[in-house]
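Raw protein-v1.csv, CSV, C-alpha atoms:
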chain,number,residue,atom,x,y,z
A,12,PRO,CA,13.0,-37.9,2.2
A,13,ALA,CA,11.5,-36.3,-0.9
A,14,ALA,CA,9.3,-34.0,1.2
A,15,LEU,CA,12.3,-32.8,3.3
A,16,ARG,CA,14.3,-31.6,0.2
A,17,LYS,CA,14.8,-27.9,-0.1
A,18,VAL,CA,12.9,-26.2,-2.8
A,19,ALA,CA,15.0,-23.5,-4.5
A,20,MET,CA,13.3,-20.3,-5.8
A,21,ALA,CA,13.1,-19.9,-9.5
A,22,ASN,CA,15.9,-17.7,-10.8
A,23,VAL,CA,14.8,-15.2,-13.3
A,24,SER,CA,17.2,-13.1,-15.4
A,25,ALA,CA,17.4,-9.4,-14.8
A,26,GLU,CA,16.7,-8.7,-18.5
A,27,LEU,CA,13.4,-10.6,-18.2
A,28,MET,CA,12.4,-9.0,-14.9
A,29,TRP,CA,13.1,-5.4,-15.9
A,30,PRO,CA,10.2,-4.9,-18.4
A,31,ILE,CA,7.8,-6.2,-15.7
A,32,VAL,CA,9.1,-4.0,-12.9
A,33,ARG,CA,9.8,-0.9,-14.9
A,34,GLU,CA,6.3,0.4,-15.1
A,35,THR,CA,4.5,-1.5,-12.3
A,36,SER,CA,6.9,-1.1,-9.4
A,37,CYS,CA,5.5,0.5,-6.2
A,38,PHE,CA,8.7,2.5,-6.0
A,39,ALA,CA,8.2,4.3,-9.4
A,40,ILE,CA,7.4,8.0,-9.3
A,41,LYS,CA,5.8,9.5,-12.4
A,42,ARG,CA,5.1,13.2,-12.8
A,43,LYS,CA,3.5,14.7,-15.8
A,44,VAL,CA,5.0,17.9,-17.2
A,45,ASN,CA,2.9,20.7,-18.6
A,46,GLY,CA,4.2,22.4,-21.8
A,47,ARG,CA,7.4,21.6,-23.5
A,48,SER,CA,10.1,19.5,-22.0
A,49,GLY,CA,12.9,17.3,-23.3
A,50,MET,CA,11.2,14.2,-21.9
A,51,GLY,CA,7.8,14.7,-23.6
A,52,LYS,CA,4.6,15.0,-21.6
A,53,ALA,CA,5.3,11.9,-19.5
A,54,GLY,CA,7.9,13.8,-17.6
A,55,PRO,CA,10.9,12.4,-15.7
A,56,ARG,CA,10.9,8.9,-14.3
A,57,PHE,CA,12.3,8.5,-10.8
A,58,THR,CA,12.2,5.8,-8.2
A,59,THR,CA,12.5,5.4,-4.4
A,60,GLU,CA,13.7,1.8,-4.4
A,61,PRO,CA,16.5,0.7,-2.0
A,62,ASN,CA,20.0,0.5,-3.4
A,63,ASN,CA,19.2,2.7,-6.4
A,64,ILE,CA,22.1,5.1,-6.1
A,65,THR,CA,20.8,7.9,-8.3
A,66,GLY,CA,17.0,7.6,-8.0
A,67,ILE,CA,16.6,7.3,-11.7
A,68,ASN,CA,14.2,4.6,-12.9
A,69,SER,CA,16.5,2.7,-15.3
A,70,PHE,CA,17.9,-0.8,-15.7
A,71,LYS,CA,21.5,0.3,-14.9
A,72,TYR,CA,20.7,1.8,-11.5
A,73,SER,CA,17.8,-0.6,-10.4
A,74,GLY,CA,18.3,-2.0,-6.9
A,75,ILE,CA,15.6,-4.6,-7.4
A,76,VAL,CA,16.5,-6.2,-10.7
A,77,ASN,CA,20.3,-6.3,-10.8
A,78,ALA,CA,22.3,-9.1,-9.1
A,79,LYS,CA,24.9,-6.6,-7.9
A,80,THR,CA,23.7,-3.3,-6.5
A,81,VAL,CA,25.3,-0.5,-4.5
A,82,GLY,CA,23.5,1.8,-2.1
A,83,LEU,CA,24.6,4.6,0.2
A,84,SER,CA,22.6,5.8,3.1
A,85,GLN,CA,23.3,8.5,5.7
A,86,ALA,CA,24.2,7.3,9.2
A,87,GLU,CA,24.5,9.3,12.4
A,88,LYS,CA,28.2,9.7,11.7
A,89,GLY,CA,29.4,8.9,8.2
A,90,VAL,CA,27.6,6.7,5.7
A,91,VAL,CA,26.5,3.0,5.3
A,92,LEU,CA,27.5,1.3,2.0
A,93,THR,CA,25.1,-1.5,1.1
A,94,LYS,CA,25.9,-4.2,-1.4
A,95,LYS,CA,24.1,-7.4,-2.4
A,96,SER,CA,25.8,-10.6,-1.3
A,97,ARG,CA,27.4,-12.8,-3.9
A,98,LYS,CA,27.0,-16.0,-1.9
A,99,PRO,CA,24.3,-18.3,-3.4
A,100,THR,CA,23.4,-19.6,0.0
A,101,ARG,CA,22.1,-16.1,1.0
A,102,LEU,CA,19.9,-15.5,-2.1
A,103,ASN,CA,16.8,-17.1,-0.5
A,104,LYS,CA,17.3,-15.3,2.8
A,105,PRO,CA,16.2,-11.7,2.6
A,106,ASN,CA,17.6,-10.8,6.0
A,107,ASN,CA,21.1,-11.9,5.0
A,108,LEU,CA,21.0,-10.8,1.4
A,109,TYR,CA,22.7,-7.4,1.9
A,110,ASN,CA,26.2,-6.6,3.2
A,111,ASN,CA,26.3,-3.3,5.2
A,112,ILE,CA,29.6,-1.6,5.6
A,113,SER,CA,29.8,1.4,8.0
A,114,LEU,CA,32.2,4.1,6.8
A,115,THR,CA,33.0,6.8,9.5
A,116,LYS,CA,36.4,8.2,8.6
A,117,ASP,CA,37.2,11.5,7.0
A,118,PHE,CA,36.0,12.4,3.4
A,119,ARG,CA,39.1,11.2,1.6
A,120,ARG,CA,39.2,7.8,3.3
A,121,VAL,CA,35.5,7.1,2.8
A,122,ALA,CA,35.9,8.0,-0.9
A,123,ASN,CA,38.8,5.6,-1.2
A,124,ALA,CA,36.8,2.9,0.5
A,125,ILE,CA,33.9,3.4,-1.9
A,126,VAL,CA,36.2,3.2,-4.9
A,127,LYS,CA,37.8,0.1,-3.4
A,128,GLU,CA,34.4,-1.6,-2.8
A,129,THR,CA,32.9,-0.8,-6.1
A,130,GLN,CA,35.8,-0.5,-8.6
A,131,ALA,CA,38.9,-2.2,-7.3
A,132,ASN,CA,37.3,-5.6,-6.7
A,133,TYR,CA,35.3,-5.4,-9.9
A,134,TYR,CA,31.9,-5.3,-8.2
A,135,ARG,CA,30.2,-2.5,-10.1
A,136,PRO,CA,32.8,-0.1,-11.5
A,137,ASP,CA,30.1,1.7,-13.6
A,138,LEU,CA,28.4,2.9,-10.3
A,139,THR,CA,31.6,4.3,-8.8
A,140,LYS,CA,31.1,7.9,-10.1
A,141,ALA,CA,27.5,8.0,-8.9
A,142,ALA,CA,28.4,6.6,-5.5
A,143,LEU,CA,31.1,9.2,-5.1
A,144,ALA,CA,28.7,12.0,-6.1
A,145,LYS,CA,26.2,10.8,-3.5
A,146,TRP,CA,28.9,10.6,-0.8
A,147,SER,CA,29.8,14.2,-1.6
A,148,LEU,CA,26.2,15.3,-1.1
A,149,ILE,CA,25.8,13.3,2.1
A,150,HIS,CA,29.1,14.7,3.5
A,151,LYS,CA,28.1,18.3,2.6
A,152,ALA,CA,24.7,17.8,4.4
A,153,GLN,CA,26.4,16.4,7.4
A,154,LYS,CA,28.9,19.3,7.6
A,155,ARG,CA,26.0,21.8,7.4
A,156,SER,CA,24.0,20.1,10.2
A,157,LYS,CA,26.8,20.4,12.8
Could I get this file's structure written as C-alpha cells?
Amino acid sequence: PAALRKVAMANVSAELMWPIVRETSCFAIKRKVNGRSGMGKAGPRFTTEPNNITGINSFKYSGIVNAKTVGLSQAEKGVVLTKKSRKPTRLNKPNNLYNNISLTKDFRRVANAIVKETQANYYRPDLTKAALAKWSLIHKAQKRSK
C-alpha cells in the first residue's frame, strides 16, 4: 500500500523561484546596447515565455513563476484567452493546467469578456490593462489582414 501512494510534487513559492528563473530561463532575450541608454549597457530584458502578456522579463508578468497568469494568443478568428487553473488536482498535470477560452465576438464584447475574466472575478486585476492593450493590437492586425 505504501508504494501505491501518490507522490506530490514539491511546491515552491514564486518568490523563491523567480531569482533562479530570472537570468537562466531559456525564454530570456538579452540584447546589449551600444552607447547611452536609460537601461545601461545591459539593454532591455525581454522574454518569449508563454502567458507573459507583455513580453517583459519581470516577476509581475512572468508566466512560469506566478500561480495565476493571463495569456492572449491570436486565433484564426478572434483571440484565445489562457489562464492557469486554480484546481489543486490539475497542478501536477501539465496538459490540464491551463484553461483556454475562445473569444470570437466583436471588439467591445471581447474586451468586456477579458475584463470579466481578469478583473471582475479577482483573478489578476493588475493585468487587465495589459491584456486589453494586447487585444487592441491583435484586433488591429486582424482587421488589416482581411
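Minimum distance to Asp137 of chain A across A:Asn123, A:Ser113, A:Ser96, A:Thr80 (counting all atoms listed in the file) occurs at A:Thr80.
Minimum atom-to-atom distances from A:Lys71, A:Arg97, A:Arg119, A:Lys43 to Glu26 of chain A were compared using only C-alpha atoms, and the lowest value belongs to A:Lys71.
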Worksheet item: With distances taken over all atoms listed in the file, which of A:Asn68, A:Asn22, A:Asn106, A:Ser73 is nearest to Lys41 of chain A?
Response: A:Asn68
Fill in: Nearest to Glu87 of chain A by atom-to-atom distance, counting all atoms listed in the file, from A:Glu128, A:Val32, A:Cys37, A:Thr115
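With all atoms listed in the file as the atom set, the closest residue is A:Thr115.
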Discussion item. What's the separation between atom CA of Lys116 of chain A and atom CA of Val90 of chain A, in Å to one decimal place?
Written reply: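 One can read the atom CA of Lys116 of chain A to atom CA of Val90 of chain A distance as 9.4 Å.
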Worksheet item: Ile64 of chain A: which residues within 9 Å, counting all atoms listed in the file, same-chain residues fewer than 6 positions away excluded, as a PyMOL selection string?
Response: chain A and resi 72-74+80-83+138+141-142+145
Discussion item. One number please: atom CA of Asn132 of chain A to atom CA of Lys79 of chain A, in Å, one decimal.
Written reply: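 A separation of 12.5 Å between them.
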